[in-house]
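Here is the structure we will look at.
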Amino acid sequence: MLSKPIISCAAVLIAATLNPTPAEAASKIYRYVDADGIKHYTDVPDNNRYKLLVLSPRDMTQSGEYYDQSLMARATQYDSIIEKAALSAAVEPNLLRAVIVVESGFNSRAVSKRGAVGLMQLMPATATRFGVSNPYDPKQNVHAGARYLKFLIDRFGQDVRLALAAYNAGEEAVDRNGGRIPPFAETMAYVPRVMRIYRMLAEQPRTT
């Protein structure tokens, strides 16, 4: 039987998704389109060409589903898998939970437009790289996703934000941007969203 604090954790995830913290609200993204039609993004606009990019608080998960209570009710059934995967990969369980919230909304059958699959939205190449035979299997998916996230954290010098950027946009994209978060609208929104949920989960007491 799952304990009450774990169930309340799902409610916290809903609140975290729909109600940005003041710190995140202050992290704004600006965009302008140049004469060649190329879109430029920044969080520190240096001229008046940049306009504020408005992101809806009801953002979809990467797999195209909206957050709601029916999605979040799925969260607790994967708790044991997440804890074991986190321990095995030496990453924080709440960081895995936050990634899963944003990636799939705890839908193990989720498939993105780009072909990413399962709870942690593994791309086929990543699934193969980490020995996954069935990416829809929650245990295989989360364990592989946890190992990949640990690899990225180590690769980018324990910088969790860069690791998340690489998880979303690819390792090469971070490298091409000089070891910084790539200026892609999706990635610039993804990283603070995961971090916000991660921080709120970290503040919640959990019992077994």
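Going through the structure tokens in order, the chains are called A, B, and so on, while each chain numbers its residues from 1 and the ligands are numbered from 1 in the order shown.
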Could you give me, as a PyMOL selection string, each residue of region 35-199 of chain A that DSSP assigns to helix (DSSP H, G or I) when run on this structure's backbone?
chain A and resi 69-72+75-89+93-104+124-129+138-155+160-169+171-176+185-199
Can you tell me, as a PDB file with N, CA and C atoms, in the first residue's frame, what residues are no more than 8 Å from Ile100 (chain A) when counting only C-alpha atoms, ignoring any on the same chain fewer than 6 positions away?
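Okay, result.pdb is ready:
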```
ATOM      1  N   PHE A 106       4.091  10.210 -17.190  1.00  0.00           N
ATOM      2  CA  PHE A 106       3.957   8.876 -16.621  1.00  0.00           C
ATOM      3  C   PHE A 106       3.096   7.950 -17.482  1.00  0.00           C
ATOM      4  N   LEU A 119       8.259   5.931 -20.832  1.00  0.00           N
ATOM      5  CA  LEU A 119       8.235   6.865 -19.710  1.00  0.00           C
ATOM      6  C   LEU A 119       9.286   7.960 -19.834  1.00  0.00           C
ATOM      7  N   MET A 120      10.505   7.577 -20.217  1.00  0.00           N
ATOM      8  CA  MET A 120      11.579   8.562 -20.319  1.00  0.00           C
ATOM      9  C   MET A 120      11.859   8.944 -21.757  1.00  0.00           C
TER      10      MET A 120
END
```
Can you pull out the residues contacting Ile181 (chain A)? Cut-off 7 Å, using only C-alpha atoms, and skip same-chain residues under 5 positions away; I want them as a PyMOL selection string.
chain A and resi 162+165+174
So that I have them on file, write out the residues from the current selection with C-alpha atoms, as a compact mmCIF listing (two decimals), in the first residue's frame.
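Done, and the output landed in out-v6.txt:
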```
# COMPACT_ATOMS: atom_id res chain seq x y z
CA LEU A 162 23.45 20.96 -19.22
CA ALA A 165 19.62 20.16 -22.20
CA VAL A 174 25.28 21.28 -26.34
```
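Take CA of Asn134 (chain A) and CA of Gly118 (chain A): the distance between them is 9.5 Å.
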If you count only C-alpha atoms, which residues fall within 12 Å of Gly179 (chain A), apart from same-chain ones fewer than 2 positions away, as a ChimeraX atom specification?
/A:155-157,159,161-163,165-166,170-177,181-183
Generate a file of the selected residues that holds N, CA and C atoms, formatted as a short mmCIF file (atom, residue, chain, number, x, y, z; two decimals), in the first residue's frame.
```cif
data_model
loop_
_atom_site.label_atom_id
_atom_site.label_comp_id
_atom_site.auth_asym_id
_atom_site.auth_seq_id
_atom_site.Cartn_x
_atom_site.Cartn_y
_atom_site.Cartn_z
N ARG A 155 29.29 13.54 -18.14
CA ARG A 155 29.90 14.09 -19.35
C ARG A 155 30.00 15.61 -19.29
N PHE A 156 29.00 16.23 -18.67
CA PHE A 156 28.98 17.70 -18.61
C PHE A 156 29.35 18.24 -17.23
N GLY A 157 30.29 17.54 -16.60
CA GLY A 157 30.91 18.05 -15.38
C GLY A 157 29.96 18.23 -14.21
N ASP A 159 26.98 19.17 -14.22
CA ASP A 159 26.04 20.27 -14.44
C ASP A 159 24.70 19.68 -14.88
N ARG A 161 21.80 21.02 -15.36
CA ARG A 161 21.08 21.78 -16.38
C ARG A 161 21.59 21.45 -17.78
N LEU A 162 22.89 21.33 -17.93
CA LEU A 162 23.45 20.96 -19.22
C LEU A 162 23.09 19.52 -19.58
N ALA A 163 23.08 18.65 -18.58
CA ALA A 163 22.69 17.26 -18.82
C ALA A 163 21.24 17.18 -19.31
N ALA A 165 19.63 19.59 -20.85
CA ALA A 165 19.62 20.16 -22.20
C ALA A 165 20.04 19.12 -23.21
N ALA A 166 21.07 18.34 -22.87
CA ALA A 166 21.54 17.29 -23.77
C ALA A 166 20.51 16.17 -23.89
N GLY A 170 20.14 16.69 -27.41
CA GLY A 170 21.25 15.89 -27.89
C GLY A 170 22.58 16.42 -27.40
N GLU A 171 23.51 15.50 -27.16
CA GLU A 171 24.83 15.87 -26.67
C GLU A 171 25.54 16.82 -27.63
N GLU A 172 25.42 16.53 -28.93
CA GLU A 172 26.13 17.32 -29.93
C GLU A 172 25.63 18.77 -29.96
N ALA A 173 24.33 18.96 -29.70
CA ALA A 173 23.79 20.32 -29.70
C ALA A 173 24.41 21.17 -28.61
N VAL A 174 24.63 20.56 -27.44
CA VAL A 174 25.28 21.28 -26.34
C VAL A 174 26.73 21.58 -26.70
N ASP A 175 27.39 20.61 -27.30
CA ASP A 175 28.78 20.81 -27.71
C ASP A 175 28.89 21.93 -28.75
N ARG A 176 27.99 21.91 -29.73
CA ARG A 176 28.03 22.93 -30.79
C ARG A 176 27.78 24.32 -30.25
N ASN A 177 27.08 24.41 -29.12
CA ASN A 177 26.78 25.72 -28.53
C ASN A 177 27.81 26.10 -27.47
N ILE A 181 23.51 25.75 -22.87
CA ILE A 181 22.18 25.28 -23.29
C ILE A 181 21.89 25.80 -24.69
N PRO A 182 21.56 24.92 -25.63
CA PRO A 182 21.30 25.37 -27.01
C PRO A 182 20.12 26.35 -27.05
N PRO A 183 20.18 27.35 -27.94
CA PRO A 183 19.12 28.37 -28.00
C PRO A 183 17.89 27.90 -28.76
#
```
Counting only C-alpha atoms, the option among A:Tyr136, A:Tyr78, A:Tyr32, A:Phe151 closest to Ser108 (chain A):
A:Tyr136
I'd like to know which of A:Glu83, A:Glu103, A:Glu203, A:Glu186 is closest to His143 (chain A), using only C-alpha atoms.
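Ranking A:Glu83, A:Glu103, A:Glu203, A:Glu186 by distance to His143 (chain A), first place goes to A:Glu83.
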Would you compute the distance between CA of Ala125 (chain A) and CA of Asp137 (chain A)? Give it in Å to one decimal.
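Value for the CA of Ala125 (chain A)-CA of Asp137 (chain A) distance: 16.3 Å.
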Nearest to Leu149 (chain A), chosen from A:Pro124, A:Gly131, A:Gly178, A:Pro93, with only C-alpha atoms counted in the distances:
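Nearest candidate to Leu149 (chain A) out of A:Pro124, A:Gly131, A:Gly178, A:Pro93: A:Pro93.
Shortest atom-to-atom contact with Ala89 (chain A) among A:Val142, A:Val111, A:Val33, A:Ala75: A:Val142, counting only C-alpha atoms.
What separates CA of Tyr198 (chain A) from CA of Val99 (chain A) is a distance of 8.2 Å.
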